[in-house]
>>> print(open('target-v3.pdb').read())   # PDB, C-alpha atoms
MODEL        1
ATOM      1  CA  MET T 209      -8.058  33.527  15.593
ATOM      2  CA  HIS T 210      -8.636  30.018  14.228
ATOM      3  CA  GLY T 211      -4.994  28.962  14.084
ATOM      4  CA  ARG T 212      -1.495  30.136  13.398
ATOM      5  CA  VAL T 213       1.299  29.522  10.927
ATOM      6  CA  VAL T 214       3.969  27.307  12.481
ATOM      7  CA  SER T 215       6.344  27.164   9.513
ATOM      8  CA  ILE T 216       6.734  28.311   5.913
ATOM      9  CA  TYR T 217       8.591  26.432   3.168
ATOM     10  CA  ARG T 218       9.531  26.782  -0.461
ATOM     11  CA  HIS T 219      10.822  24.069  -2.816
ATOM     12  CA  PRO T 220      12.969  25.800  -5.458
ATOM     13  CA  VAL T 221      13.598  22.590  -7.418
ATOM     14  CA  LYS T 222      10.538  20.350  -7.639
ATOM     15  CA  GLY T 223      11.019  17.169  -5.625
ATOM     16  CA  PHE T 224      14.156  18.344  -3.822
ATOM     17  CA  THR T 225      14.989  19.829  -0.416
ATOM     18  CA  PRO T 226      12.392  22.074   1.262
ATOM     19  CA  GLU T 227      13.793  25.427   2.417
ATOM     20  CA  ARG T 228      12.353  27.038   5.534
ATOM     21  CA  LEU T 229      11.448  30.729   5.448
ATOM     22  CA  GLU T 230      10.637  33.160   8.231
ATOM     23  CA  SER T 231       8.403  35.210   5.950
ATOM     24  CA  ALA T 232       7.217  35.588   2.372
ATOM     25  CA  VAL T 233       5.582  38.331   0.333
ATOM     26  CA  LEU T 234       2.773  37.040  -1.873
ATOM     27  CA  ALA T 235       1.166  38.730  -4.869
ATOM     28  CA  ALA T 236      -2.512  38.458  -5.771
ATOM     29  CA  GLY T 237      -3.008  35.710  -8.336
ATOM     30  CA  GLY T 238       0.639  34.719  -8.048
ATOM     31  CA  TYR T 239       2.651  31.653  -7.166
ATOM     32  CA  PHE T 240       4.320  31.060  -3.831
ATOM     33  CA  PRO T 241       7.645  32.965  -3.932
ATOM     34  CA  GLY T 242      10.641  30.896  -4.978
ATOM     35  CA  ASP T 243       8.624  27.679  -5.155
ATOM     36  CA  ARG T 244       8.966  25.030  -7.876
ATOM     37  CA  LEU T 245      11.042  27.310 -10.097
ATOM     38  CA  TYR T 246      12.754  24.326 -11.706
ATOM     39  CA  ALA T 247      11.970  20.677 -12.396
ATOM     40  CA  VAL T 248      14.186  17.858 -13.599
ATOM     41  CA  GLU T 249      12.741  16.040 -16.585
ATOM     42  CA  ASN T 250      13.121  12.250 -16.330
ATOM     43  CA  GLY T 251      13.215  11.399 -20.015
ATOM     44  CA  PRO T 252      11.104  13.335 -22.541
ATOM     45  CA  SER T 253       8.205  15.036 -20.722
ATOM     46  CA  GLY T 254       6.593  17.018 -23.509
ATOM     47  CA  PHE T 255       7.205  20.284 -21.650
ATOM     48  CA  ASP T 256       7.858  23.191 -24.017
ATOM     49  CA  PRO T 257       9.656  26.162 -22.387
ATOM     50  CA  ALA T 258       8.458  28.387 -25.235
ATOM     51  CA  ALA T 259       4.829  27.533 -24.421
ATOM     52  CA  PRO T 260       4.908  26.385 -20.789
ATOM     53  CA  ALA T 261       1.909  24.475 -19.516
ATOM     54  CA  PHE T 262       1.013  22.243 -16.588
ATOM     55  CA  THR T 263       2.890  18.941 -16.744
ATOM     56  CA  PRO T 264       2.144  15.965 -14.451
ATOM     57  CA  LYS T 265       4.725  15.403 -11.738
ATOM     58  CA  SER T 266       5.177  11.797 -12.857
ATOM     59  CA  ARG T 267       7.358  13.071 -15.702
ATOM     60  CA  PHE T 268       9.962  14.531 -13.339
ATOM     61  CA  THR T 269      12.500  13.208 -10.840
ATOM     62  CA  VAL T 270      10.239  13.285  -7.780
ATOM     63  CA  LEU T 271       9.983  11.215  -4.609
ATOM     64  CA  ALA T 272       6.899   9.359  -5.811
ATOM     65  CA  SER T 273       9.017   7.541  -8.380
ATOM     66  CA  ILE T 274      12.640   7.944  -7.174
ATOM     67  CA  ALA T 275      13.029   7.849  -3.388
ATOM     68  CA  ASP T 276      16.786   8.518  -3.583
ATOM     69  CA  VAL T 277      16.026  12.121  -4.572
ATOM     70  CA  ALA T 278      15.581  12.773  -0.830
ATOM     71  CA  ARG T 279      19.230  11.869  -0.205
ATOM     72  CA  ALA T 280      20.405  14.851  -2.259
ATOM     73  CA  ARG T 281      20.471  17.995  -0.104
ATOM     74  CA  THR T 282      20.000  21.138  -2.140
ATOM     75  CA  ALA T 283      20.025  24.856  -1.337
ATOM     76  CA  TYR T 284      19.125  27.641  -3.742
ATOM     77  CA  ASP T 285      20.371  31.254  -3.663
ATOM     78  CA  GLU T 286      17.629  33.201  -5.405
ATOM     79  CA  ALA T 287      19.784  36.333  -5.670
ATOM     80  CA  THR T 288      22.479  34.579  -7.720
ATOM     81  CA  GLY T 289      20.607  31.595  -9.157
ATOM     82  CA  VAL T 290      23.229  29.252  -7.712
ATOM     83  CA  LEU T 291      22.128  25.815  -6.548
ATOM     84  CA  THR T 292      24.359  23.778  -4.280
ATOM     85  CA  ALA T 293      23.859  20.058  -3.748
ATOM     86  CA  THR T 294      25.476  17.438  -1.571
ATOM     87  CA  ALA T 295      24.948  13.709  -1.213
ATOM     88  CA  GLU T 296      26.794  10.905   0.488
ATOM     89  CA  GLY T 297      29.318   9.394  -1.896
ATOM     90  CA  ALA T 298      29.106  12.254  -4.398
ATOM     91  CA  ALA T 299      31.279  15.318  -4.901
ATOM     92  CA  PRO T 300      29.537  18.571  -3.915
ATOM     93  CA  PHE T 301      27.818  20.461  -6.725
ATOM     94  CA  SER T 302      27.454  24.180  -7.307
ATOM     95  CA  GLY T 303      26.032  25.753 -10.455
ATOM     96  CA  ASP T 304      23.983  28.656 -11.737
ATOM     97  CA  LEU T 305      20.580  27.297 -12.751
ATOM     98  CA  THR T 306      19.714  30.496 -14.607
ATOM     99  CA  THR T 307      22.213  29.412 -17.289
ATOM    100  CA  GLU T 308      22.067  26.482 -19.701
ATOM    101  CA  THR T 309      25.554  25.466 -18.603
ATOM    102  CA  GLY T 310      24.571  25.355 -14.941
ATOM    103  CA  ARG T 311      21.381  23.402 -15.632
ATOM    104  CA  ALA T 312      23.247  20.869 -17.767
ATOM    105  CA  ALA T 313      25.869  20.477 -15.057
ATOM    106  CA  PHE T 314      23.257  19.749 -12.386
ATOM    107  CA  ALA T 315      21.563  17.218 -14.680
ATOM    108  CA  ALA T 316      24.933  15.481 -15.143
ATOM    109  CA  TRP T 317      25.640  15.488 -11.397
ATOM    110  CA  LEU T 318      22.196  14.083 -10.643
ATOM    111  CA  THR T 319      22.503  11.398 -13.326
ATOM    112  CA  ALA T 320      25.751  10.198 -11.787
ATOM    113  CA  PHE T 321      24.264  10.255  -8.279
ATOM    114  CA  LEU T 322      21.026   8.421  -9.098
ATOM    115  CA  GLY T 323      22.537   5.990 -11.557
ATOM    116  CA  PRO T 324      21.177   5.106 -15.011
ATOM    117  CA  GLY T 325      19.164   2.138 -13.765
ATOM    118  CA  THR T 326      16.708   4.438 -11.971
ATOM    119  CA  LEU T 327      16.049   6.776 -14.901
ATOM    120  CA  ARG T 328      13.663   6.583 -17.850
ATOM    121  CA  GLY T 329      15.870   8.685 -20.094
ATOM    122  CA  PRO T 330      18.223  11.678 -20.151
ATOM    123  CA  LEU T 331      17.748  14.188 -17.339
ATOM    124  CA  GLN T 332      17.178  17.822 -18.200
ATOM    125  CA  VAL T 333      16.639  20.735 -15.810
ATOM    126  CA  LEU T 334      13.619  22.715 -17.008
ATOM    127  CA  GLN T 335      12.583  26.290 -16.366
ATOM    128  CA  ALA T 336      10.492  28.933 -18.101
ATOM    129  CA  PRO T 337      10.086  32.574 -17.064
ATOM    130  CA  GLY T 338       6.837  33.071 -15.152
ATOM    131  CA  HIS T 339       6.050  29.346 -14.987
ATOM    132  CA  ARG T 340       6.045  27.100 -11.891
ATOM    133  CA  PHE T 341       6.041  23.321 -11.741
ATOM    134  CA  THR T 342       3.181  22.989  -9.263
ATOM    135  CA  ASP T 343       1.296  19.746  -8.663
ATOM    136  CA  SER T 344      -1.988  21.476  -9.465
ATOM    137  CA  PRO T 345      -2.712  23.785 -12.406
ATOM    138  CA  SER T 346      -4.703  26.126 -10.152
ATOM    139  CA  GLY T 347      -3.598  25.588  -6.530
ATOM    140  CA  TYR T 348      -0.494  27.718  -6.164
ATOM    141  CA  VAL T 349      -0.131  27.613  -2.362
ATOM    142  CA  SER T 350      -0.395  24.411  -0.330
ATOM    143  CA  LEU T 351      -1.447  24.284   3.328
ATOM    144  CA  VAL T 352      -1.265  21.376   5.764
ATOM    145  CA  ASN T 353      -2.956  21.262   9.153
ATOM    146  CA  LEU T 354      -0.553  19.834  11.746
ATOM    147  CA  GLY T 355      -3.537  18.658  13.776
ATOM    148  CA  SER T 356      -4.438  16.322  10.937
ATOM    149  CA  VAL T 357      -0.868  15.024  10.733
ATOM    150  CA  ARG T 358      -0.852  14.336  14.480
ATOM    151  CA  ASP T 359      -4.152  12.484  14.240
ATOM    152  CA  LEU T 360      -2.816  10.372  11.377
ATOM    153  CA  ALA T 361       0.354   9.606  13.347
ATOM    154  CA  SER T 362      -1.681   8.641  16.406
ATOM    155  CA  ARG T 363      -3.876   6.259  14.438
ATOM    156  CA  MET T 364      -0.892   4.763  12.595
ATOM    157  CA  GLY T 365       0.964   4.324  15.879
ATOM    158  CA  ARG T 366       4.159   6.031  14.750
ATOM    159  CA  ALA T 367       5.581   9.501  14.133
ATOM    160  CA  VAL T 368       4.832  11.171  10.792
ATOM    161  CA  ASP T 369       7.156  13.963   9.678
ATOM    162  CA  PRO T 370       4.959  16.779   8.291
ATOM    163  CA  LEU T 371       7.614  17.469   5.651
ATOM    164  CA  ARG T 372       6.491  14.283   3.891
ATOM    165  CA  PHE T 373       3.621  16.440   2.569
ATOM    166  CA  ARG T 374       5.885  19.118   0.998
ATOM    167  CA  ALA T 375       3.542  22.027   1.806
ATOM    168  CA  ASN T 376       4.223  25.749   1.721
ATOM    169  CA  LEU T 377       2.320  26.509   4.921
ATOM    170  CA  TYR T 378       2.039  24.354   8.030
ATOM    171  CA  VAL T 379      -0.622  25.608  10.430
ATOM    172  CA  ASP T 380      -1.799  24.574  13.874
ATOM    173  CA  GLY T 381      -5.019  25.250  15.743
ATOM    174  CA  PRO T 382      -7.864  24.034  13.499
ATOM    175  CA  PRO T 383      -9.356  20.681  14.560
ATOM    176  CA  ALA T 384      -7.910  17.660  12.789
ATOM    177  CA  TRP T 385      -9.220  17.313   9.236
ATOM    178  CA  SER T 386     -11.494  20.380   9.551
ATOM    179  CA  GLU T 387      -9.618  21.949   6.622
ATOM    180  CA  LEU T 388     -11.263  19.401   4.351
ATOM    181  CA  ASP T 389     -14.601  21.029   5.198
ATOM    182  CA  TRP T 390     -13.517  24.508   4.152
ATOM    183  CA  ALA T 391     -15.837  25.406   1.305
ATOM    184  CA  PRO T 392     -14.106  25.874  -2.062
ATOM    185  CA  GLY T 393     -14.127  29.575  -2.823
ATOM    186  CA  GLY T 394     -14.181  30.455   0.873
ATOM    187  CA  ALA T 395     -11.906  33.153   2.258
ATOM    188  CA  VAL T 396      -8.927  32.740   4.581
ATOM    189  CA  ARG T 397      -6.630  35.462   5.909
ATOM    190  CA  ILE T 398      -3.077  34.812   7.045
ATOM    191  CA  GLY T 399      -1.047  37.784   8.200
ATOM    192  CA  GLY T 400      -1.253  40.480   5.563
ATOM    193  CA  ALA T 401      -2.454  38.221   2.736
ATOM    194  CA  GLY T 402      -5.874  36.925   1.750
ATOM    195  CA  PHE T 403      -6.551  33.537   0.178
ATOM    196  CA  GLU T 404      -9.327  31.698  -1.596
ATOM    197  CA  VAL T 405      -9.816  28.059  -0.668
ATOM    198  CA  GLY T 406      -9.342  25.546  -3.466
ATOM    199  CA  LYS T 407      -9.596  21.766  -3.427
ATOM    200  CA  PRO T 408      -8.174  19.222  -0.965
ATOM    201  CA  ILE T 409      -4.781  17.799  -1.883
ATOM    202  CA  VAL T 410      -4.768  14.186  -3.043
ATOM    203  CA  ARG T 411      -1.706  12.403  -1.732
ATOM    204  CA  CYS T 412       0.616  10.059  -3.618
ATOM    205  CA  ALA T 413       3.552   7.742  -2.967
ATOM    206  CA  ALA T 414       5.899  10.696  -2.403
ATOM    207  CA  THR T 415       4.599  10.709   1.183
ATOM    208  CA  HIS T 416       5.912   7.175   1.657
ATOM    209  CA  VAL T 417       9.509   8.442   1.569
ATOM    210  CA  ASP T 418      11.285   9.550   4.749
ATOM    211  CA  PRO T 419      12.524  13.070   3.881
ATOM    212  CA  GLU T 420      15.657  12.551   5.990
ATOM    213  CA  THR T 421      16.801   9.074   4.979
ATOM    214  CA  GLY T 422      15.276   8.643   1.528
ATOM    215  CA  GLU T 423      13.821   5.293   2.610
ATOM    216  CA  ARG T 424      10.357   4.275   1.443
ATOM    217  CA  ASP T 425       9.163   3.273   4.906
ATOM    218  CA  MET T 426       5.473   4.206   5.325
ATOM    219  CA  GLU T 427       2.254   3.541   3.427
ATOM    220  CA  ILE T 428       0.628   6.940   3.936
ATOM    221  CA  VAL T 429      -1.756   6.616   0.980
ATOM    222  CA  ALA T 430      -3.092   3.273   2.184
ATOM    223  CA  ALA T 431      -3.418   4.637   5.730
ATOM    224  CA  LEU T 432      -5.468   7.611   4.560
ATOM    225  CA  ARG T 433      -7.729   5.322   2.560
ATOM    226  CA  ASP T 434      -8.143   2.705   5.264
ATOM    227  CA  LEU T 435      -8.427   5.030   8.265
ATOM    228  CA  TYR T 436     -10.407   7.905   6.785
ATOM    229  CA  GLY T 437     -11.887   6.744   3.507
ATOM    230  CA  HIS T 438     -10.109   9.417   1.468
ATOM    231  CA  LEU T 439      -6.645  10.249   0.110
ATOM    232  CA  TYR T 440      -6.473  13.883   1.248
ATOM    233  CA  CYS T 441      -4.087  15.792   3.484
ATOM    234  CA  GLY T 442      -4.083  19.572   3.181
ATOM    235  CA  VAL T 443      -5.745  22.053   0.852
ATOM    236  CA  TYR T 444      -4.720  24.255  -2.034
ATOM    237  CA  LEU T 445      -5.132  28.010  -1.740
ATOM    238  CA  SER T 446      -4.897  30.801  -4.289
ATOM    239  CA  VAL T 447      -3.725  34.289  -3.347
ATOM    240  CA  ALA T 448      -6.692  36.683  -3.467
ATOM    241  CA  ALA T 449      -5.006  39.689  -1.831
ATOM    242  CA  GLY T 450      -1.262  40.173  -1.754
ATOM    243  CA  GLY T 451       0.714  40.833   1.399
ATOM    244  CA  GLN T 452       3.387  39.549   3.737
ATOM    245  CA  ILE T 453       3.013  36.438   5.845
ATOM    246  CA  ARG T 454       5.283  35.381   8.694
ATOM    247  CA  ALA T 455       5.759  32.341  10.886
ATOM    248  CA  GLY T 456       3.501  32.885  13.882
ATOM    249  CA  ASP T 457       0.847  34.813  11.963
ATOM    250  CA  ALA T 458      -2.793  34.153  12.772
ATOM    251  CA  LEU T 459      -4.974  32.164  10.384
ATOM    252  CA  GLU T 460      -8.581  33.278  10.177
ATOM    253  CA  ARG T 461     -11.451  31.912   8.164
ATOM    254  CA  LEU T 462     -13.621  34.819   7.013
TER
ENDMDL
END
>>> encode(input="target-v3.pdb", output="structure tokens")
Amino acid sequence: MHGRVVSIYRHPVKGFTPERLESAVLAAGGYFPGDRLYAVENGPSGFDPAAPAFTPKSRFTVLASIADVARARTAYDEATGVLTATAEGAAPFSGDLTTETGRAAFAAWLTAFLGPGTLRGPLQVLQAPGHRFTDSPSGYVSLVNLGSVRDLASRMGRAVDPLRFRANLYVDGPPAWSELDWAPGGAVRIGGAGFEVGKPIVRCAATHVDPETGERDMEIVAALRDLYGHLYCGVYLSVAAGGQIRAGDALERL
């Protein structure tokens, strides 16, 4: 055993509230279940639902560009497609994102909450069957080593919430930053699923935002550069062999 899974998260709407899971069933070659199903276009993005393709996160309402997104608390019911959202000073929202009416209603609610001065253009909730709005066109599962986060926090002299990194899997046990030495193409097993190691995850200004308060209060990117000489935290994985993973499962490098 080289480590264990401490927590598992999905992010049904890109940029919005992480949702903790006790387990997940992954399919070979597939995306992380229930993750980045929707994204909110911040003005015209060029995304075509009829021919979905990777679109840079900068074209969506994400924390890197709009910190106030963190102040909206969302929860998604995958069985019904209903998203609920709350935010201080705003009426609660509930709508079915599988319908055009529900998506338009959430875009209207979010526009009112964020205010026109923060937006580049009309908001539109995007989705396309079989497509996910991941930050990487090939890394479908993201993993963060909590040892690395602790080392960063120690060297910065303040606590760093791991949820700033918006990963799917948070693991503990491997030495700090050792995940950056995992060879691309190498094999990792977690619970009943097998993974192939991809590239390290380059971090952006989204990590500067406190996921609880929505305040832009830390310079994580500058700290990574100045303290370590790189901008990485975590690695992308692809699912090589499907299976179930659970919180507490062992992580093994093969």
>>> resolve_selection(input="target-v3.pdb", expression="the PyMOL selection byres ((chain T and resi 301) around 10)", output="ChimeraX atom specification")
/T:282,290-295,298-300,302-303,313-314,317-318
>>> resolve_selection(input="target-v3.pdb", expression="the PyMOL selection byres ((chain T and resi 215) around 10)", output="list in words")
Arg212, Val213, Val214, Ile216, Tyr217, Arg228, Leu229, Glu230, Ser231, Ala375, Asn376, Leu377, Tyr378, Val379, Asp380, Arg454, Ala455, Gly456 and Asp457 of chain T
>>> resolve_selection(input="target-v3.pdb", expression="the PyMOL selection byres ((chain T and resi 241-249) around 8)", output="PyMOL selection string")
chain T and resi 218-223+232-234+239-240+250-253+267-269+286+315+330-335+339-342
>>> closest_residue(input="target-v3.pdb", among="T:Leu271, T:Ile398, T:Ala336, T:Ala449", to="Thr307 (chain T)", atoms="all atoms listed in the file")
T:Ala336
>>> closest_residue(input="target-v3.pdb", among="T:Gly442, T:Arg279, T:Pro392, T:Ala259", to="Gly355 (chain T)", atoms="only C-alpha atoms")
T:Gly442
>>> residues_near_point(input="target-v3.pdb", point="(-0.5, 14.9, -1.8)", cutoff="7 Å", atoms="all atoms listed in the file", output="PyMOL selection string")
chain T and resi 373+409-412+440-441
>>> write_last_selection(input="target-v3.pdb", atoms="C-alpha atoms", output="mmCIF file, in the frame of the given file")
data_model
loop_
_atom_site.group_PDB
_atom_site.id
_atom_site.type_symbol
_atom_site.label_atom_id
_atom_site.label_comp_id
_atom_site.auth_asym_id
_atom_site.auth_seq_id
_atom_site.Cartn_x
_atom_site.Cartn_y
_atom_site.Cartn_z
ATOM 1 C CA PHE T 373 3.621 16.440 2.569
ATOM 2 C CA ILE T 409 -4.781 17.799 -1.883
ATOM 3 C CA VAL T 410 -4.768 14.186 -3.043
ATOM 4 C CA ARG T 411 -1.706 12.403 -1.732
ATOM 5 C CA CYS T 412 0.616 10.059 -3.618
ATOM 6 C CA TYR T 440 -6.473 13.883 1.248
ATOM 7 C CA CYS T 441 -4.087 15.792 3.484
#
>>> closest_residue(input="target-v3.pdb", among="T:Gly394, T:Glu227, T:Leu360, T:Gly365", to="Arg433 (chain T)", atoms="all atoms listed in the file")
T:Leu360
>>> closest_residue(input="target-v3.pdb", among="T:Ala312, T:Val443, T:Val270, T:Ala283", to="Ser356 (chain T)", atoms="all atoms listed in the file")
T:Val443
>>> atom_distance(input="target-v3.pdb", atom1="CA of Arg372 (chain T)", atom2="CA of Thr263 (chain T)")
21.5 Å
>>> closest_residue(input="target-v3.pdb", among="T:Val352, T:Ala261, T:Ala272, T:Ala401", to="Val429 (chain T)", atoms="all atoms listed in the file")
T:Ala272
>>> residues_around(input="target-v3.pdb", residues="Ala278 (chain T)", least_positions_apart="6", cutoff="8 Å", atoms="only C-alpha atoms", output="number ranges by chain")
T: 223-225, 271, 417-422
>>> atom_distance(input="target-v3.pdb", atom1="CA of Gly238 (chain T)", atom2="CA of Glu460 (chain T)")
20.5 Å
>>> closest_residue(input="target-v3.pdb", among="T:Gly325, T:Gly400, T:Gly437, T:Pro408", to="Ala236 (chain T)", atoms="only C-alpha atoms")
T:Gly400
>>> residues_around(input="target-v3.pdb", residues="Gly211 (chain T)", least_positions_apart="3", cutoff="6 Å", atoms="only C-alpha atoms", output="list in words")
Asp380, Gly381, Pro382, Ala458 and Leu459 of chain T
>>> axis_aligned_box(input="target-v3.pdb", around="region 364-370 of chain T", padding_each_side="3 Å", output="lines of an AutoDock Vina configuration file")
center_x = 3.1
center_y = 10.6
center_z = 12.1
size_x = 14.0
size_y = 18.5
size_z = 13.6
>>> build_atoms(input="target-v3.pdb", residues="region 421-451 of chain T", atoms="N, CA and C atoms", output="PDB file, keeping the file's coordinate frame")
ATOM      1  N   THR T 421      15.983  10.232   5.356  1.00  0.00           N
ATOM      2  CA  THR T 421      16.801   9.074   4.979  1.00  0.00           C
ATOM      3  C   THR T 421      16.643   8.673   3.514  1.00  0.00           C
ATOM      4  N   GLY T 422      15.540   9.079   2.887  1.00  0.00           N
ATOM      5  CA  GLY T 422      15.276   8.643   1.528  1.00  0.00           C
ATOM      6  C   GLY T 422      14.731   7.229   1.450  1.00  0.00           C
ATOM      7  N   GLU T 423      14.376   6.640   2.600  1.00  0.00           N
ATOM      8  CA  GLU T 423      13.821   5.293   2.610  1.00  0.00           C
ATOM      9  C   GLU T 423      12.310   5.340   2.403  1.00  0.00           C
ATOM     10  N   ARG T 424      11.796   4.401   1.633  1.00  0.00           N
ATOM     11  CA  ARG T 424      10.357   4.275   1.443  1.00  0.00           C
ATOM     12  C   ARG T 424       9.840   3.371   2.570  1.00  0.00           C
ATOM     13  N   ASP T 425       9.384   4.010   3.668  1.00  0.00           N
ATOM     14  CA  ASP T 425       9.163   3.273   4.906  1.00  0.00           C
ATOM     15  C   ASP T 425       7.755   3.379   5.484  1.00  0.00           C
ATOM     16  N   MET T 426       6.835   4.082   4.823  1.00  0.00           N
ATOM     17  CA  MET T 426       5.473   4.206   5.325  1.00  0.00           C
ATOM     18  C   MET T 426       4.489   4.155   4.169  1.00  0.00           C
ATOM     19  N   GLU T 427       3.309   3.602   4.435  1.00  0.00           N
ATOM     20  CA  GLU T 427       2.254   3.541   3.427  1.00  0.00           C
ATOM     21  C   GLU T 427       1.186   4.593   3.767  1.00  0.00           C
ATOM     22  N   ILE T 428       1.530   5.844   3.569  1.00  0.00           N
ATOM     23  CA  ILE T 428       0.628   6.940   3.936  1.00  0.00           C
ATOM     24  C   ILE T 428      -0.663   6.884   3.122  1.00  0.00           C
ATOM     25  N   VAL T 429      -0.560   6.635   1.828  1.00  0.00           N
ATOM     26  CA  VAL T 429      -1.756   6.616   0.980  1.00  0.00           C
ATOM     27  C   VAL T 429      -2.731   5.540   1.446  1.00  0.00           C
ATOM     28  N   ALA T 430      -2.228   4.357   1.713  1.00  0.00           N
ATOM     29  CA  ALA T 430      -3.092   3.273   2.184  1.00  0.00           C
ATOM     30  C   ALA T 430      -3.690   3.617   3.545  1.00  0.00           C
ATOM     31  N   ALA T 431      -2.910   4.266   4.412  1.00  0.00           N
ATOM     32  CA  ALA T 431      -3.418   4.637   5.730  1.00  0.00           C
ATOM     33  C   ALA T 431      -4.551   5.645   5.614  1.00  0.00           C
ATOM     34  N   LEU T 432      -4.397   6.635   4.757  1.00  0.00           N
ATOM     35  CA  LEU T 432      -5.468   7.611   4.560  1.00  0.00           C
ATOM     36  C   LEU T 432      -6.737   6.924   4.061  1.00  0.00           C
ATOM     37  N   ARG T 433      -6.568   6.038   3.121  1.00  0.00           N
ATOM     38  CA  ARG T 433      -7.729   5.322   2.560  1.00  0.00           C
ATOM     39  C   ARG T 433      -8.396   4.442   3.614  1.00  0.00           C
ATOM     40  N   ASP T 434      -7.578   3.679   4.336  1.00  0.00           N
ATOM     41  CA  ASP T 434      -8.143   2.705   5.264  1.00  0.00           C
ATOM     42  C   ASP T 434      -8.693   3.352   6.532  1.00  0.00           C
ATOM     43  N   LEU T 435      -8.028   4.414   7.002  1.00  0.00           N
ATOM     44  CA  LEU T 435      -8.427   5.030   8.265  1.00  0.00           C
ATOM     45  C   LEU T 435      -9.518   6.083   8.106  1.00  0.00           C
ATOM     46  N   TYR T 436      -9.505   6.766   6.944  1.00  0.00           N
ATOM     47  CA  TYR T 436     -10.407   7.905   6.785  1.00  0.00           C
ATOM     48  C   TYR T 436     -11.335   7.803   5.564  1.00  0.00           C
ATOM     49  N   GLY T 437     -11.048   6.877   4.687  1.00  0.00           N
ATOM     50  CA  GLY T 437     -11.887   6.744   3.507  1.00  0.00           C
ATOM     51  C   GLY T 437     -11.640   7.796   2.450  1.00  0.00           C
ATOM     52  N   HIS T 438     -10.486   8.441   2.498  1.00  0.00           N
ATOM     53  CA  HIS T 438     -10.109   9.417   1.468  1.00  0.00           C
ATOM     54  C   HIS T 438      -8.592   9.424   1.332  1.00  0.00           C
ATOM     55  N   LEU T 439      -8.090  10.170   0.356  1.00  0.00           N
ATOM     56  CA  LEU T 439      -6.645  10.249   0.110  1.00  0.00           C
ATOM     57  C   LEU T 439      -6.118  11.664   0.311  1.00  0.00           C
ATOM     58  N   TYR T 440      -6.804  12.467   1.121  1.00  0.00           N
ATOM     59  CA  TYR T 440      -6.473  13.883   1.248  1.00  0.00           C
ATOM     60  C   TYR T 440      -5.621  14.173   2.476  1.00  0.00           C
ATOM     61  N   CYS T 441      -4.746  15.168   2.335  1.00  0.00           N
ATOM     62  CA  CYS T 441      -4.087  15.792   3.484  1.00  0.00           C
ATOM     63  C   CYS T 441      -3.667  17.181   3.045  1.00  0.00           C
ATOM     64  N   GLY T 442      -4.379  18.193   3.550  1.00  0.00           N
ATOM     65  CA  GLY T 442      -4.083  19.572   3.181  1.00  0.00           C
ATOM     66  C   GLY T 442      -5.029  20.097   2.122  1.00  0.00           C
ATOM     67  N   VAL T 443      -4.919  21.396   1.862  1.00  0.00           N
ATOM     68  CA  VAL T 443      -5.745  22.053   0.852  1.00  0.00           C
ATOM     69  C   VAL T 443      -4.886  23.010   0.033  1.00  0.00           C
ATOM     70  N   TYR T 444      -5.328  23.227  -1.198  1.00  0.00           N
ATOM     71  CA  TYR T 444      -4.720  24.255  -2.034  1.00  0.00           C
ATOM     72  C   TYR T 444      -5.411  25.591  -1.783  1.00  0.00           C
ATOM     73  N   LEU T 445      -4.626  26.650  -1.842  1.00  0.00           N
ATOM     74  CA  LEU T 445      -5.132  28.010  -1.740  1.00  0.00           C
ATOM     75  C   LEU T 445      -4.637  28.807  -2.936  1.00  0.00           C
ATOM     76  N   SER T 446      -5.390  29.821  -3.329  1.00  0.00           N
ATOM     77  CA  SER T 446      -4.897  30.801  -4.289  1.00  0.00           C
ATOM     78  C   SER T 446      -4.849  32.146  -3.585  1.00  0.00           C
ATOM     79  N   VAL T 447      -3.925  33.000  -4.011  1.00  0.00           N
ATOM     80  CA  VAL T 447      -3.725  34.289  -3.347  1.00  0.00           C
ATOM     81  C   VAL T 447      -4.729  35.294  -3.909  1.00  0.00           C
ATOM     82  N   ALA T 448      -5.660  35.727  -3.054  1.00  0.00           N
ATOM     83  CA  ALA T 448      -6.692  36.683  -3.467  1.00  0.00           C
ATOM     84  C   ALA T 448      -6.261  38.112  -3.222  1.00  0.00           C
ATOM     85  N   ALA T 449      -5.481  38.346  -2.165  1.00  0.00           N
ATOM     86  CA  ALA T 449      -5.006  39.689  -1.831  1.00  0.00           C
ATOM     87  C   ALA T 449      -3.565  39.576  -1.372  1.00  0.00           C
ATOM     88  N   GLY T 450      -2.683  40.274  -2.052  1.00  0.00           N
ATOM     89  CA  GLY T 450      -1.262  40.173  -1.754  1.00  0.00           C
ATOM     90  C   GLY T 450      -0.899  40.761  -0.412  1.00  0.00           C
ATOM     91  N   GLY T 451       0.230  40.319   0.136  1.00  0.00           N
ATOM     92  CA  GLY T 451       0.714  40.833   1.399  1.00  0.00           C
ATOM     93  C   GLY T 451       1.779  39.925   1.971  1.00  0.00           C
TER      94      GLY T 451
END
